[in-house]
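Participant: Sharing a structure here in structure tokens format.
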Amino acid sequence: MNRKIIVIVALAAVLAAGVGVYSASHSGTSLDGEKEYDLTAAADNAADDAVEEDAIATVIEGETYDSDVEESIVNEALSTIDVEDTAPDYADEIVSTTFRVKRTVDHTTGEEVSPRVVLGTGYAQCYIKFDTDGNFELFIDASSGKIKQGTYELFDSIISVTYGDGIGTEYDIISDDFETIAYIIVNYGDYDVYFG
């Protein structure tokens, strides 16, 4: 073989190797310094992610399910839950108890204040009670001795009341850990009166 051809082939091989080394060390960067996106690597990464997601399974009650199967089981379970059934039903409890003043809180500051300061010395006689016909009595102003009466409706943890004079308001129900009524909160001026 001609010596010139061997030198040219050797030079071409060296040049090709040099370009390969440069390309490998500067992957993702063009000759003018701008970033390029390596489509081959991106495709490989996407394929790896898809394989990983397909391989994920969840153990439920000792059985193994694919994530799609798990999702359908969860969706089916959620669709059978009736939201109204999950809320505590206070209807029986509310009519079986006469609720007395337990505490008073300044609703502007959040500080607890003595019921004697807010309601006077007769605070121990104050009460609220409800009957099965949708009527209620509220005795909160011991100094005047007046009893407020009206009607009520129960909506989950809210008691919507309408006094005899037509004015309406709402009382919040706070439940305890056993989902029984801990307090019924009645707004009284600048205070929240907790009946329990």
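Going through the structure tokens in order, the chains are called A, B, and so on, while each chain numbers its residues from 1 and the ligands are numbered from 1 in the order shown.
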What's the 9 Å shell around Glu153 (chain A), counting only C-alpha atoms, without same-chain residues fewer than 2 positions away, as a PyMOL selection string?

Facilitator: chain A and resi 134-135+151+155+158-162

Participant: Neighbouring residues of Thr108 (chain A) were defined as those with any atom within 10 Å, considering only C-alpha atoms; residues of the same chain fewer than 4 positions away were excluded. Please report them as a ChimeraX atom specification.

Facilitator: /A:190-192

Participant: Write the selection just made, keeping all heavy atoms, as a PDB file, in the first residue's frame?

Facilitator:
```
ATOM      1  N   ASP A 190     -69.967  40.514  72.840  1.00  0.00           N
ATOM      2  CA  ASP A 190     -68.562  40.290  72.498  1.00  0.00           C
ATOM      3  C   ASP A 190     -68.058  38.922  72.959  1.00  0.00           C
ATOM      4  O   ASP A 190     -66.863  38.650  72.892  1.00  0.00           O
ATOM      5  CB  ASP A 190     -67.679  41.373  73.145  1.00  0.00           C
ATOM      6  CG  ASP A 190     -67.906  42.729  72.507  1.00  0.00           C
ATOM      7  OD1 ASP A 190     -68.292  42.761  71.319  1.00  0.00           O
ATOM      8  OD2 ASP A 190     -67.704  43.753  73.200  1.00  0.00           O
ATOM      9  N   TYR A 191     -68.963  38.077  73.422  1.00  0.00           N
ATOM     10  CA  TYR A 191     -68.548  36.812  74.015  1.00  0.00           C
ATOM     11  C   TYR A 191     -69.208  35.612  73.324  1.00  0.00           C
ATOM     12  O   TYR A 191     -70.304  35.723  72.782  1.00  0.00           O
ATOM     13  CB  TYR A 191     -68.891  36.789  75.510  1.00  0.00           C
ATOM     14  CG  TYR A 191     -68.202  37.888  76.269  1.00  0.00           C
ATOM     15  CD1 TYR A 191     -68.838  39.114  76.498  1.00  0.00           C
ATOM     16  CD2 TYR A 191     -66.909  37.726  76.725  1.00  0.00           C
ATOM     17  CE1 TYR A 191     -68.183  40.130  77.172  1.00  0.00           C
ATOM     18  CE2 TYR A 191     -66.256  38.751  77.404  1.00  0.00           C
ATOM     19  CZ  TYR A 191     -66.897  39.947  77.620  1.00  0.00           C
ATOM     20  OH  TYR A 191     -66.259  40.958  78.265  1.00  0.00           O
ATOM     21  N   ASP A 192     -68.511  34.489  73.392  1.00  0.00           N
ATOM     22  CA  ASP A 192     -69.075  33.212  72.994  1.00  0.00           C
ATOM     23  C   ASP A 192     -69.354  32.457  74.289  1.00  0.00           C
ATOM     24  O   ASP A 192     -68.456  32.259  75.105  1.00  0.00           O
ATOM     25  CB  ASP A 192     -68.096  32.408  72.127  1.00  0.00           C
ATOM     26  CG  ASP A 192     -67.904  33.043  70.749  1.00  0.00           C
ATOM     27  OD1 ASP A 192     -68.878  33.618  70.225  1.00  0.00           O
ATOM     28  OD2 ASP A 192     -66.793  32.957  70.204  1.00  0.00           O
TER      29      ASP A 192
END
```

Participant: Just want the 8 Å neighbourhood of Lys148 (chain A), counted on only C-alpha atoms, with same-chain residues fewer than 5 positions away dropped. Output as a list in words.

Facilitator: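 Using only C-alpha atoms, the neighbours found are Glu137, Leu138, Phe139, Tyr163 and Gly164 of chain A.
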
Participant: Atoms to include: N, CA, C and O atoms. Write the selected residues as a JSON list (two decimals), in the first residue's frame.

Facilitator:
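Produced file again_37.json, reproduced below:
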```
[["chain", "number", "residue", "atom", "x", "y", "z"],
["A", 137, "GLU", "N", -85.60, 26.83, 73.83],
["A", 137, "GLU", "CA", -85.60, 27.91, 74.81],
["A", 137, "GLU", "C", -84.17, 28.26, 75.14],
["A", 137, "GLU", "O", -83.33, 27.37, 75.30],
["A", 138, "LEU", "N", -83.90, 29.55, 75.26],
["A", 138, "LEU", "CA", -82.58, 30.03, 75.65],
["A", 138, "LEU", "C", -82.74, 31.02, 76.80],
["A", 138, "LEU", "O", -83.39, 32.06, 76.66],
["A", 139, "PHE", "N", -82.16, 30.68, 77.95],
["A", 139, "PHE", "CA", -82.14, 31.58, 79.10],
["A", 139, "PHE", "C", -80.68, 31.97, 79.30],
["A", 139, "PHE", "O", -79.89, 31.21, 79.81],
["A", 163, "TYR", "N", -85.47, 33.15, 66.34],
["A", 163, "TYR", "CA", -86.14, 33.57, 67.56],
["A", 163, "TYR", "C", -87.58, 33.96, 67.26],
["A", 163, "TYR", "O", -87.95, 34.19, 66.10],
["A", 164, "GLY", "N", -88.37, 34.07, 68.31],
["A", 164, "GLY", "CA", -89.78, 34.42, 68.16],
["A", 164, "GLY", "C", -90.00, 35.75, 67.46],
["A", 164, "GLY", "O", -91.04, 35.95, 66.82]]
```

Participant: Measuring atom to atom with only C-alpha atoms, identify which of A:Glu112, A:Ile167, A:Thr132, A:Leu119 is nearest to Gly145 (chain A).

Facilitator: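 The answer is A:Leu119, which sits nearest to Gly145 (chain A).
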
Participant: Skipping near chain neighbours, those fewer than 4 positions away, what residues fall within 9 Å of Pro115 (chain A) using only C-alpha atoms, listed as a CSV table (one decimal) with N, CA and C atoms, in the first residue's frame?

Facilitator:
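around.csv written:
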```
chain,number,residue,atom,x,y,z
A,101,VAL,N,-74.3,26.6,81.1
A,101,VAL,CA,-73.1,27.4,80.9
A,101,VAL,C,-71.9,26.7,81.5
A,102,LYS,N,-70.9,26.5,80.6
A,102,LYS,CA,-69.6,25.9,81.1
A,102,LYS,C,-68.5,26.8,81.0
A,103,ARG,N,-68.5,27.7,80.1
A,103,ARG,CA,-67.4,28.7,80.0
A,103,ARG,C,-67.8,29.8,79.0
A,104,THR,N,-67.1,30.9,79.1
A,104,THR,CA,-67.3,32.1,78.2
A,104,THR,C,-66.0,32.6,77.7
A,105,VAL,N,-66.0,33.0,76.4
A,105,VAL,CA,-64.7,33.4,75.8
A,105,VAL,C,-64.9,34.7,75.1
A,119,LEU,N,-72.2,37.1,82.4
A,119,LEU,CA,-73.6,36.9,82.6
A,119,LEU,C,-74.2,37.3,83.9
A,120,GLY,N,-73.3,37.6,84.8
A,120,GLY,CA,-73.8,38.0,86.2
A,120,GLY,C,-73.8,36.9,87.1
A,121,THR,N,-74.2,37.2,88.3
A,121,THR,CA,-74.2,36.1,89.4
A,121,THR,C,-75.1,35.0,89.2
A,123,TYR,N,-75.5,33.3,86.5
A,123,TYR,CA,-75.2,32.5,85.3
A,123,TYR,C,-75.4,31.0,85.4
A,124,ALA,N,-75.4,30.5,86.7
A,124,ALA,CA,-75.6,29.1,86.9
A,124,ALA,C,-77.0,28.6,86.5
A,193,VAL,N,-70.6,32.1,74.5
A,193,VAL,CA,-71.0,31.3,75.7
A,193,VAL,C,-71.1,29.9,75.3
```

Participant: Might you pull out every residue within 6 Å of Phe136 (chain A), with only C-alpha atoms counted and same-chain residues fewer than 4 positions away left off, and present them as a CSV table (one decimal) with N, CA and C atoms, in the first residue's frame?

Facilitator:
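File written: selection.csv
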```
chain,number,residue,atom,x,y,z
A,129,LYS,N,-82.3,24.6,75.8
A,129,LYS,CA,-82.8,23.3,75.6
A,129,LYS,C,-83.6,23.2,74.3
A,130,PHE,N,-83.7,22.1,73.7
A,130,PHE,CA,-84.4,21.8,72.5
A,130,PHE,C,-85.4,20.7,72.6
A,149,GLN,N,-87.4,32.3,73.0
A,149,GLN,CA,-87.9,31.1,72.4
A,149,GLN,C,-87.9,31.2,70.9
A,150,GLY,N,-88.0,30.1,70.3
A,150,GLY,CA,-88.0,30.1,68.8
A,150,GLY,C,-88.0,28.7,68.2
A,151,THR,N,-87.6,28.6,67.0
A,151,THR,CA,-87.5,27.3,66.3
A,151,THR,C,-86.1,27.0,65.9
```

Participant: Provide the CA of Tyr183 (chain A) to CA of Ser144 (chain A) distance in Å, to one decimal place.

Facilitator: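 It comes out at 24.2 Å.
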
Participant: Go through A:Ile184, A:Asp172, A:Gly189, A:Ser157 and flag the residue nearest Arg100 (chain A), using only C-alpha atoms for the distances.

Facilitator: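 Going through A:Ile184, A:Asp172, A:Gly189, A:Ser157 one by one, the smallest distance to Arg100 (chain A) is for A:Ile184.
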
Participant: Using Å and a single decimal, report how far CA of Gly168 (chain A) sits from CA of Val95 (chain A).

Facilitator: 19.9 Å
